[in-house]
Amino acid sequence: MKAAILHGKHELTVETVPDAVLQAPGDAIVRVVVAGICGTDLHGYNGLPGPVTGPRCGHEFVGVVEDIGNEVSTLRRGTMVVAPFNFADGTCSACQAGVHNACAAGGMFGVDGDGAQAEAVRVPFADANLVAVPVDQNDERLSSLLALTDTMATGFHAVRTGGVEPGSSVAVLGDGPIGICTVLAAREAGAGRIILVGRHETRLSKGRDFGATDTFRARGPEGVAESIDFVHAATQGLGADVVVECGGGPQTQNTAFALCRAGGTVCVMGSPPLGDVTPVFLRGITLTGGLTPVRAYLPELVERVLAGTLDPGSIFDRTVTLDGIVSGYEEMAARTATKVLVRL
């Protein structure tokens, strides 16, 4: 079968690799129909530190079950399924608490298991991870279902853990796919004011389409201070009730604290907290966030997509084939595409 292979910085190829095969009785083999390119993939592609260093690539996919182990009981061959980007065993205490990302037996596709930017993927603990969806390979909702595997679920997780309520003011730092989907999740939660701060007008425009009431384009070294002034002006000088940090790094996290009102909540989604967390102590700010337990949210999100009440599919603004995946990486790295869908 074919798969995207990362050899080093900007060295991505599509190669023939051994077919995905069952290795345990609870495994399933899924033929990939659509896959996504994530910002985490770009870190590895650009030679930056992070979990994705190769050789396999990709952790977002929707596909068809091709084979199952003899202990798989909830799936049948030919079933279309959605997978979370981080698989888990579904039985440990962390999974039972809904924190599937902390499962000791789990991992991330493309890091601890097969990459999803390939013709097929072996899925461990198939019963615990795969969610069947009654659609076919030509369904127009495939892009929305694919968004649930990571990006939209992460936005939903940010809003849920951040405690966004009807009427809340929400500031979102970062205009990448996670930030834009967080805007959509905040709108769905009934937020009264949603402020998206970013650096790219095309992405800010997409954020407005997804529900941002205000956008601010930060430019140059003065952009941080100006964004703080903008958010405070938009919230009557108080700061936002909830600030979601989607950029990563100490500077962005420090900015998030500056945007937040006293007694508010900062939700860190970009990377583990690395900056000064003194505001948590001095200003009574709640710090939350973290890696998304996608599987905990998938049933609800899938139901909403199928019902037509949630439609994040337009976050994908470029489609490539597996053979043309390098161009997808290049466009996302150059910020000429927000998020790329790979159709197999």
# chains A, B, ... in the order shown; residues from 1 in each chain; ligands from 1
>>> closest_atom_pairs(of="segment 110-202 of chain A", to="segment 40-55 of chain A", cutoff="9 Å", atoms="only C-alpha atoms", output="tab-separated table")
residue	atom	partner	partner_atom	distance
A:Gly110	CA	A:Val52	CA	7.1
A:Val111	CA	A:Val52	CA	6.1
A:Gly115	CA	A:Pro55	CA	8.6
>>> select_by_dssp(residues="segment 6-248 of chain A", states="alpha helix (DSSP H)", output="ChimeraX atom specification")
/A:39-45,93-96,126-129,142-148,151-162,177-188,201-210,223-234
>>> atom_distance(atom1="atom CA of Thr235 of chain A", atom2="atom CA of Pro312 of chain A")
27.2 Å
>>> select_by_dssp(residues="segment 48-229 of chain A", states="strand (DSSP E)", output="ChimeraX atom specification")
/A:61-68,80-82,86-87,107-108,120-123,131-132,169-173,193-198,214-217
